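Below is the file query.txt, which contains compact mmCIF, C-alpha atoms.
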# COMPACT_ATOMS: atom_id res chain seq x y z
CA MET G 15 0.00 0.00 0.00
CA GLU G 16 1.45 3.34 -1.07
CA LEU G 17 0.65 7.02 -0.78
CA ASP G 18 0.27 8.68 -4.17
CA SER G 19 2.04 12.05 -4.36
CA MET G 20 -0.20 13.04 -7.26
CA THR G 21 -3.31 12.77 -5.05
CA LYS G 22 -1.92 14.95 -2.23
CA GLY G 23 -1.12 12.12 0.15
CA LYS G 24 -4.32 10.12 -0.37
CA LEU G 25 -4.16 6.38 -0.85
CA SER G 26 -3.57 5.45 -4.46
CA ASN G 27 -6.47 3.91 -6.31
CA LYS G 28 -5.29 0.33 -6.55
CA GLU G 29 -6.28 -3.03 -5.11
CA MET G 30 -4.93 -3.23 -1.57
CA PRO G 31 -4.57 -6.72 -0.05
CA GLU G 32 -3.62 -5.06 3.22
CA ILE G 33 -7.21 -3.90 3.66
CA ARG G 34 -8.56 -7.42 3.14
CA THR G 35 -6.06 -8.65 5.70
CA ILE G 36 -7.30 -6.09 8.23
CA TYR G 37 -10.84 -7.29 7.59
CA LYS G 38 -9.82 -10.75 8.80
CA ALA G 39 -10.47 -9.27 12.22
CA PHE G 40 -14.11 -9.92 11.36
CA ASP G 41 -13.52 -13.68 11.23
CA PHE G 42 -15.53 -13.83 14.45
CA ALA G 43 -18.57 -13.52 12.16
CA THR G 44 -17.77 -17.00 10.85
CA SER G 45 -17.46 -18.35 14.40
CA PHE G 46 -20.84 -17.01 15.45
CA ALA G 47 -22.52 -17.97 12.19
CA LEU G 48 -21.35 -21.51 12.87
CA LYS G 49 -22.55 -21.26 16.46
CA SER G 50 -26.01 -20.21 15.27
CA THR G 51 -26.30 -23.26 13.01
CA MET G 52 -25.13 -25.57 15.80
CA THR G 53 -27.57 -23.99 18.26
CA MET G 54 -30.43 -24.53 15.80
CA GLY G 55 -29.36 -28.14 15.23
CA ILE G 56 -28.85 -27.69 11.50
CA PRO G 57 -26.12 -30.37 11.23
CA ASP G 58 -28.64 -32.90 12.59
CA VAL G 59 -31.39 -31.62 10.26
CA LEU G 60 -29.09 -32.10 7.26
CA ALA G 61 -27.89 -35.47 8.53
CA ARG G 62 -31.46 -36.78 8.57
CA SER G 63 -32.03 -35.75 4.95
CA LYS G 64 -31.05 -37.94 2.02
CA GLU G 65 -30.57 -34.89 -0.22
CA PRO G 66 -29.15 -31.37 0.23
CA MET G 67 -31.75 -28.97 1.61
CA THR G 68 -32.65 -25.43 0.66
CA ALA G 69 -33.07 -22.80 3.37
CA ASP G 70 -36.85 -23.13 2.90
CA ASN G 71 -36.62 -26.89 3.55
CA ILE G 72 -34.45 -26.38 6.63
CA VAL G 73 -36.71 -23.66 8.07
CA GLU G 74 -39.65 -26.08 7.87
CA LYS G 75 -37.83 -28.19 10.47
CA LEU G 76 -37.23 -25.25 12.83
CA PRO G 77 -39.60 -23.42 15.22
CA CYS G 78 -39.37 -20.10 13.31
CA LYS G 79 -41.85 -17.31 14.07
CA ASN G 80 -41.62 -15.95 10.53
CA PRO G 81 -40.60 -18.75 8.13
CA ALA G 82 -40.80 -16.57 5.01
CA ALA G 83 -38.22 -14.14 6.35
CA ALA G 84 -36.24 -16.83 8.20
CA ALA G 85 -35.24 -18.61 4.98
CA GLY G 86 -33.61 -15.46 3.66
CA TYR G 87 -31.73 -14.88 6.89
CA LEU G 88 -30.56 -18.49 6.94
CA ASP G 89 -29.27 -18.28 3.35
CA ARG G 90 -27.06 -15.36 4.38
CA ILE G 91 -25.73 -17.19 7.44
CA MET G 92 -25.05 -20.42 5.57
CA ASP G 93 -23.37 -18.61 2.68
CA ILE G 94 -20.37 -17.44 4.70
CA LEU G 95 -19.84 -20.98 6.00
CA ILE G 96 -19.29 -22.50 2.55
CA VAL G 97 -15.75 -21.31 1.74
CA PRO G 98 -14.35 -22.36 5.16
CA GLY G 99 -15.74 -25.83 4.43
CA PHE G 100 -18.39 -26.15 7.14
CA TYR G 101 -21.22 -26.85 4.67
CA SER G 102 -21.57 -27.66 0.97
CA LYS G 103 -23.67 -25.65 -1.46
CA THR G 104 -25.26 -26.85 -4.71
CA PRO G 105 -27.78 -25.14 -7.01
CA VAL G 106 -31.26 -26.61 -7.42
CA SER G 107 -33.86 -25.49 -9.95
CA ASN G 108 -36.97 -23.62 -8.86
CA ALA G 109 -40.43 -24.65 -10.06
CA ASP G 110 -40.05 -22.43 -13.15
CA GLY G 111 -36.98 -24.41 -14.19
CA LYS G 112 -35.11 -21.20 -14.98
CA SER G 113 -34.01 -19.83 -11.62
CA HIS G 114 -32.05 -21.59 -8.91
CA LYS G 115 -31.79 -21.75 -5.16
CA ALA G 116 -28.94 -22.94 -3.00
CA ALA G 117 -29.17 -26.34 -1.36
CA TYR G 118 -26.94 -27.10 1.61
CA GLY G 119 -25.38 -30.33 2.78
CA LEU G 120 -22.87 -31.64 5.28
CA THR G 121 -19.13 -31.75 4.67
CA PRO G 122 -16.64 -33.97 6.54
CA VAL G 123 -16.26 -31.02 8.95
CA SER G 124 -19.92 -30.48 9.78
CA ARG G 125 -20.49 -34.24 9.87
CA MET G 126 -18.50 -34.14 13.13
CA LEU G 127 -20.96 -31.57 14.52
CA VAL G 128 -23.95 -33.92 14.33
CA LYS G 129 -25.26 -34.30 17.86
CA ASP G 130 -27.00 -37.60 17.17
CA ASP G 131 -23.71 -39.19 16.13
CA VAL G 132 -22.94 -40.58 19.55
CA GLU G 133 -19.89 -42.43 18.25
CA PHE G 134 -17.96 -39.40 17.08
CA THR G 135 -19.28 -35.89 17.61
CA LEU G 136 -17.19 -32.81 18.33
CA LEU G 137 -20.22 -30.60 18.89
CA PRO G 138 -19.58 -30.01 22.63
CA ILE G 139 -16.04 -28.83 21.91
CA ALA G 140 -17.17 -26.45 19.18
CA LEU G 141 -19.91 -25.01 21.40
CA LEU G 142 -17.51 -24.53 24.31
CA HIS G 143 -15.09 -22.50 22.19
CA VAL G 144 -17.81 -19.96 21.39
CA HIS G 145 -19.25 -19.97 24.92
CA ARG G 146 -19.62 -16.47 26.34
CA VAL G 147 -17.03 -17.02 29.11
CA PHE G 148 -14.41 -17.53 26.40
CA THR G 149 -15.58 -14.81 24.05
CA ASP G 150 -15.92 -12.34 26.94
CA SER G 151 -12.41 -13.13 28.14
CA PHE G 152 -10.92 -12.23 24.76
CA GLN G 153 -12.24 -8.70 25.23
CA HIS G 154 -9.59 -8.41 27.95
CA LEU G 155 -6.67 -10.17 26.25
CA HIS G 156 -4.55 -7.02 26.51
CA LYS G 157 -4.83 -7.20 30.32
CA SER G 158 -2.47 -10.20 30.26
CA VAL G 159 0.26 -7.89 28.95
CA LEU G 160 -0.58 -4.71 30.84
CA GLU G 161 -1.74 -6.09 34.19
CA ASP G 162 -0.33 -9.65 34.40
CA ARG G 163 -3.86 -10.98 34.91
CA ALA G 164 -5.74 -13.82 33.23
CA PRO G 165 -8.24 -12.26 30.81
CA MET G 166 -10.94 -14.69 31.89
CA GLU G 167 -10.42 -13.74 35.53
CA VAL G 168 -10.94 -10.10 34.55
CA ALA G 169 -14.10 -10.97 32.62
CA LEU G 170 -15.59 -13.16 35.36
CA GLY G 171 -14.40 -11.14 38.34
CA LYS G 172 -12.83 -14.26 39.88
CA PRO G 173 -10.46 -17.11 38.90
CA PHE G 174 -11.83 -19.58 36.36
CA TYR G 175 -11.99 -22.59 38.70
CA GLU G 176 -13.77 -20.59 41.40
CA TYR G 177 -16.39 -19.43 38.90
CA PHE G 178 -16.51 -22.95 37.45
CA ALA G 179 -17.38 -24.44 40.86
CA GLU G 180 -20.27 -22.00 41.30
CA ASN G 181 -21.79 -22.17 37.82
CA GLN G 182 -23.67 -25.37 37.01
CA GLU G 183 -24.36 -24.42 33.37
CA LEU G 184 -20.68 -23.78 32.62
CA ARG G 185 -19.65 -26.86 34.56
CA SER G 186 -21.96 -29.08 32.51
CA THR G 187 -20.87 -27.51 29.22
CA PHE G 188 -17.19 -27.75 30.13
CA GLN G 189 -17.35 -31.34 31.38
CA GLU G 190 -19.26 -32.47 28.29
CA ALA G 191 -16.69 -30.81 26.02
CA LEU G 192 -13.78 -32.20 28.05
CA SER G 193 -15.22 -35.71 27.85
CA CYS G 194 -15.82 -35.30 24.12
CA HIS G 195 -12.26 -34.05 23.53
CA SER G 196 -10.77 -36.82 25.63
CA ASN G 197 -12.80 -39.51 23.86
CA TYR G 198 -11.76 -38.14 20.48
CA TRP G 199 -8.07 -38.27 21.47
CA ILE G 200 -8.19 -41.65 23.15
CA LYS G 201 -9.90 -43.39 20.22
CA ILE G 202 -7.12 -42.23 17.92
CA ILE G 203 -4.40 -43.17 20.45
CA ALA G 204 -5.93 -46.61 21.03
CA GLN G 205 -6.11 -47.29 17.29
CA GLU G 206 -2.74 -45.89 16.17
CA TYR G 207 -0.25 -45.93 19.07
CA ASP G 208 1.57 -49.18 19.88
CA GLY G 209 3.67 -47.78 22.74
CA PHE G 210 1.51 -49.48 25.39
CA ASP G 211 2.07 -52.99 23.99
CA HIS G 212 4.62 -53.88 26.69
CA THR G 213 3.23 -51.77 29.53
CA LYS G 214 2.31 -53.62 32.72
CA THR G 215 0.97 -50.81 34.92
CA LEU G 216 -0.33 -47.68 33.25
CA VAL G 217 -1.02 -44.64 35.46
CA ASP G 218 -3.35 -42.08 33.89
CA VAL G 219 -2.55 -38.83 35.70
CA GLY G 220 -5.55 -36.50 35.72
CA GLY G 221 -7.70 -39.29 34.31
CA CYS G 222 -11.08 -37.93 35.51
CA ASP G 223 -13.61 -40.79 35.64
CA GLY G 224 -11.34 -43.35 33.98
CA GLU G 225 -12.92 -43.42 30.51
CA SER G 226 -9.53 -43.16 28.82
CA LEU G 227 -8.15 -46.15 30.69
CA LYS G 228 -11.33 -48.07 29.98
CA GLU G 229 -10.68 -47.66 26.25
CA LEU G 230 -6.96 -48.46 26.52
CA VAL G 231 -7.41 -51.53 28.74
CA ALA G 232 -10.04 -52.85 26.34
CA VAL G 233 -7.46 -52.69 23.53
CA HIS G 234 -4.58 -53.86 25.78
CA PRO G 235 -6.17 -56.28 28.30
CA HIS G 236 -2.74 -57.17 29.74
CA ILE G 237 -2.51 -53.68 31.29
CA HIS G 238 -3.35 -52.92 34.91
CA GLY G 239 -4.67 -49.36 34.91
CA ILE G 240 -4.50 -46.80 37.72
CA ASN G 241 -6.80 -43.84 37.25
CA PHE G 242 -5.35 -40.98 39.29
CA ASP G 243 -7.16 -37.72 40.02
CA LEU G 244 -8.39 -35.56 42.87
CA PRO G 245 -10.49 -37.45 45.45
CA ALA G 246 -13.52 -35.27 44.66
CA VAL G 247 -13.19 -36.17 40.97
CA ILE G 248 -12.99 -39.95 41.35
CA GLN G 249 -15.44 -40.39 44.23
CA ASN G 250 -18.28 -41.19 41.82
CA ALA G 251 -16.16 -42.84 39.12
CA PRO G 252 -17.67 -46.10 37.82
CA GLN G 253 -16.06 -49.47 38.40
CA ILE G 254 -13.96 -50.49 35.41
CA PRO G 255 -12.50 -54.01 35.03
CA GLY G 256 -8.72 -53.86 35.20
CA VAL G 257 -8.66 -50.31 36.54
CA ASP G 258 -8.18 -48.99 40.09
CA HIS G 259 -9.21 -45.44 41.01
CA VAL G 260 -6.70 -43.63 43.23
CA GLY G 261 -7.21 -40.17 44.70
CA GLY G 262 -4.44 -37.66 45.25
CA ASP G 263 -2.73 -34.49 44.06
CA TYR G 264 -0.21 -34.75 41.22
CA PHE G 265 1.63 -31.72 42.59
CA ALA G 266 2.45 -33.83 45.67
CA SER G 267 3.03 -37.34 44.27
CA VAL G 268 2.02 -39.81 41.57
CA PRO G 269 1.26 -43.57 41.96
CA ALA G 270 3.95 -46.00 40.83
CA GLY G 271 3.80 -47.63 37.41
CA ASP G 272 6.09 -48.52 34.52
CA THR G 273 4.28 -46.11 32.18
CA ILE G 274 2.72 -42.78 33.17
CA PHE G 275 0.21 -41.11 30.88
CA LEU G 276 -0.39 -37.34 30.93
CA LYS G 277 -3.14 -36.42 28.47
CA LEU G 278 -4.09 -32.75 28.14
CA VAL G 279 -2.76 -31.97 31.63
CA LEU G 280 0.45 -29.99 31.18
CA HIS G 281 -1.01 -27.30 28.91
CA ASN G 282 -3.12 -26.04 31.83
CA ASN G 283 0.05 -25.17 33.72
CA GLY G 284 3.06 -22.89 33.58
CA ASP G 285 6.59 -24.25 33.34
CA GLU G 286 7.17 -24.32 37.11
CA GLU G 287 4.01 -26.35 37.71
CA CYS G 288 4.88 -28.69 34.83
CA LEU G 289 8.30 -29.34 36.36
CA LYS G 290 6.69 -30.32 39.67
CA ILE G 291 4.36 -32.75 37.91
CA LEU G 292 7.09 -34.26 35.74
CA LYS G 293 9.50 -34.67 38.68
CA ASN G 294 6.79 -36.56 40.56
CA CYS G 295 6.26 -38.73 37.49
CA TYR G 296 10.00 -39.40 37.32
CA GLN G 297 10.04 -40.50 40.97
CA ALA G 298 7.07 -42.82 40.41
CA LEU G 299 8.74 -44.74 37.55
CA PRO G 300 11.09 -47.71 38.02
CA GLU G 301 14.81 -46.96 38.03
CA ARG G 302 15.35 -48.08 34.45
CA GLY G 303 13.07 -48.41 31.46
CA GLY G 304 10.02 -46.59 32.75
CA LYS G 305 8.53 -43.95 30.49
CA VAL G 306 6.14 -41.03 30.46
CA VAL G 307 3.73 -40.50 27.57
CA ILE G 308 2.45 -36.95 27.13
CA GLY G 309 -0.56 -36.20 24.96
CA GLU G 310 -0.80 -32.55 23.88
CA SER G 311 -1.17 -30.39 20.79
CA VAL G 312 2.46 -29.96 19.71
CA TYR G 313 4.35 -28.49 16.78
CA ASP G 314 7.98 -28.89 15.74
CA HIS G 315 10.35 -27.81 12.96
CA ASP G 316 8.70 -30.21 10.51
CA SER G 317 5.15 -29.03 11.16
CA LYS G 318 3.28 -27.39 8.32
CA GLU G 319 2.46 -23.73 8.76
CA ASP G 320 -1.25 -24.38 9.32
CA GLU G 321 -0.46 -27.06 11.91
CA ALA G 322 1.76 -24.71 13.89
CA GLN G 323 -0.79 -21.91 13.57
CA PHE G 324 -3.51 -24.20 14.92
CA VAL G 325 -1.45 -24.86 18.07
CA LYS G 326 -0.71 -21.14 18.43
CA HIS G 327 -4.44 -20.38 18.31
CA LEU G 328 -4.98 -22.89 21.12
CA ASP G 329 -2.08 -21.29 22.99
CA VAL G 330 -3.74 -17.86 23.01
CA MET G 331 -6.92 -19.49 24.29
CA MET G 332 -4.93 -21.00 27.17
CA LEU G 333 -3.43 -17.56 27.84
CA SER G 334 -6.91 -16.09 28.04
CA VAL G 335 -8.07 -18.69 30.57
CA PHE G 336 -5.08 -19.47 32.80
CA LEU G 337 -2.45 -16.82 31.94
CA ASN G 338 0.42 -19.24 32.69
CA GLY G 339 -1.14 -22.22 30.91
CA ARG G 340 0.17 -22.69 27.39
CA GLU G 341 0.57 -24.93 24.38
CA ARG G 342 4.20 -25.75 23.60
CA SER G 343 6.54 -26.76 20.84
CA PHE G 344 8.30 -30.12 20.98
CA ASP G 345 11.55 -28.34 21.88
CA ALA G 346 9.83 -26.68 24.87
CA TYR G 347 8.51 -30.02 26.15
CA LYS G 348 11.89 -31.66 25.57
CA ALA G 349 13.57 -28.96 27.65
CA LEU G 350 11.15 -29.56 30.53
CA LEU G 351 11.62 -33.33 30.35
CA THR G 352 15.40 -33.33 30.17
CA SER G 353 15.63 -30.92 33.11
CA CYS G 354 13.76 -33.55 35.16
CA GLY G 355 16.12 -36.35 34.12
CA PHE G 356 14.20 -37.87 31.21
CA GLY G 357 15.96 -38.83 28.00
CA ASP G 358 15.30 -40.22 24.51
CA CYS G 359 12.42 -37.80 23.93
CA LYS G 360 10.44 -38.55 20.80
CA LEU G 361 7.47 -36.83 19.14
CA ILE G 362 4.86 -39.13 17.60
CA LYS G 363 2.23 -37.52 15.37
CA LEU G 364 -1.07 -39.34 14.98
CA SER G 365 -4.23 -38.51 13.05
CA GLY G 366 -6.42 -35.50 13.76
CA SER G 367 -3.67 -33.24 15.19
CA VAL G 368 -3.16 -35.70 18.06
CA ALA G 369 0.46 -35.83 19.18
CA LEU G 370 2.32 -37.87 21.80
CA ILE G 371 5.72 -37.34 23.37
CA GLU G 372 7.59 -40.34 24.77
CA ALA G 373 10.40 -39.88 27.25
CA TYR G 374 12.30 -42.52 29.23
CA LYS G 375 13.86 -42.72 32.68
CA TYR G 376 17.40 -44.13 32.48
Once you've parsed the file, please lay out its structure as structure tokens.
Amino acid sequence: MELDSMTKGKLSNKEMPEIRTIYKAFDFATSFALKSTMTMGIPDVLARSKEPMTADNIVEKLPCKNPAAAAGYLDRIMDILIVPGFYSKTPVSNADGKSHKAAYGLTPVSRMLVKDDVEFTLLPIALLHVHRVFTDSFQHLHKSVLEDRAPMEVALGKPFYEYFAENQELRSTFQEALSCHSNYWIKIIAQEYDGFDHTKTLVDVGGCDGESLKELVAVHPHIHGINFDLPAVIQNAPQIPGVDHVGGDYFASVPAGDTIFLKLVLHNNGDEECLKILKNCYQALPERGGKVVIGESVYDHDSKEDEAQFVKHLDVMMLSVFLNGRERSFDAYKALLTSCGFGDCKLIKLSGSVALIEAYKY
């Protein structure tokens, strides 16, 4: 972009990609357009149809006060979700055979937002990311820099976990999303990762109600699982064959096992807290041959630009919630592990942006 001296300092009359880049700040419109379709259950409406549906067809399935106007509004909402790949769009002929309307269908992306797909839905995760506690916190992102405060704490008037304990609606939404995210990860790990083949005792640190171990023990029945979490978390955990529930605090100690599993735990914490957890894991492993397996969103030097950018987006979300919580590169995790005595650190990339880091105690 240049200033044209012939127009007395005004911007020259040429196409300016810089302006389009600035307008990417309005990408939140895509997020909330998607939220509106999820809230209305449109992925499920489309999933129940054998053919793509026009806005008129979709509106017939919704409790709209003014269907005639609603179809036009819906067309505008759906239209900005086509290029990002959330929905498909095909033309269909009107009754006159000359004009066309748009018909919408599911894509592989929106197929994962179908609520009725109990086997594999990511709907709770998507809804959590556009929940008002997250969107409100981003209004205060600059406070992390200027005031050394978690943006979400500023937005809520209290720390996240304190607000979380008092708010049943958020607690339900968060737990459902957490369970969904965990199930998504663990299915991929169970199918693609062979690093538990020789494990005898697997300790899942921060394992909530034990669903992850349930899946892993089903695939590896030779494993004795220890589900480790706060006593209040496991007090109502269901009985699972081959799994013992143990209560405690991973900042104090970790139960003994030859393999320790940390899935989506470390990113909630700053480096100092991570070192405490990892040192306790190191102490809990046998003197030689024991290993820790960390499951987090990770990028390294070989990651594609969009993969690294995805992790960086998650990182800013962690900044907004916990301030010191963060996503990390493989080098950052390796530095934490080696400072605790671990060696032979290896990054293993699985499907769906799922990544594992193995590190051994020698």
- For stretch 72-79 of chain G, work out the shell of residues within 9 Å, counting all atoms listed in the file and skipping chain neighbours fewer than 2 positions away, then give it as a VMD selection string. chain G and resid 54 to 56 59 to 60 67 to 70 81 to 82 84 to 85 88
- Item | Which of G:Lys228, G:His259, G:Lys290, G:Lys375 sits closest to G:Ile274 [using only C-alpha atoms] | G:Lys375
- Message: For G:Ala373, find every residue with an atom within 10 Å (counting all atoms listed in the file), except residues of its own chain fewer than 5 positions away, and show them as a count of residues only.
- Response: 16
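Distance check against G:Thr215 using all atoms listed in the file: of G:Gly261, G:Gly99, G:Pro57, G:Gly271, the minimum falls on G:Gly271.
Counting all atoms listed in the file, the residue from G:Ala117, G:Ser151, G:Asp314, G:His212 that sits nearest to G:Asn71 is G:Ala117.
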- Item | Residue neighbourhood stretch 160-175 of chain G, 7 Å, all atoms listed in the file, exclusion window fewer than 4 positions, as a PyMOL selection string | chain G and resi 150-152+154-156+179+333-337
Just to be explicit: take each residue in the selection above, keep C-alpha atoms, and write the result as a PDB file, keeping the file's coordinate frame.
ATOM      1  CA  ASP G 150     -15.920 -12.340  26.940  1.00  0.00           C
ATOM      2  CA  SER G 151     -12.410 -13.130  28.140  1.00  0.00           C
ATOM      3  CA  PHE G 152     -10.920 -12.230  24.760  1.00  0.00           C
ATOM      4  CA  HIS G 154      -9.590  -8.410  27.950  1.00  0.00           C
ATOM      5  CA  LEU G 155      -6.670 -10.170  26.250  1.00  0.00           C
ATOM      6  CA  HIS G 156      -4.550  -7.020  26.510  1.00  0.00           C
ATOM      7  CA  ALA G 179     -17.380 -24.440  40.860  1.00  0.00           C
ATOM      8  CA  LEU G 333      -3.430 -17.560  27.840  1.00  0.00           C
ATOM      9  CA  SER G 334      -6.910 -16.090  28.040  1.00  0.00           C
ATOM     10  CA  VAL G 335      -8.070 -18.690  30.570  1.00  0.00           C
ATOM     11  CA  PHE G 336      -5.080 -19.470  32.800  1.00  0.00           C
ATOM     12  CA  LEU G 337      -2.450 -16.820  31.940  1.00  0.00           C
TER      13      LEU G 337
END
- Message: Counting only C-alpha atoms, which residues sit no farther than 9 Å from the position (-9.2, -46.2, 34.9) in the file's frame? I'd like them as a ChimeraX atom specification.
- Response: /G:217-218,221-231,238-242,251-259
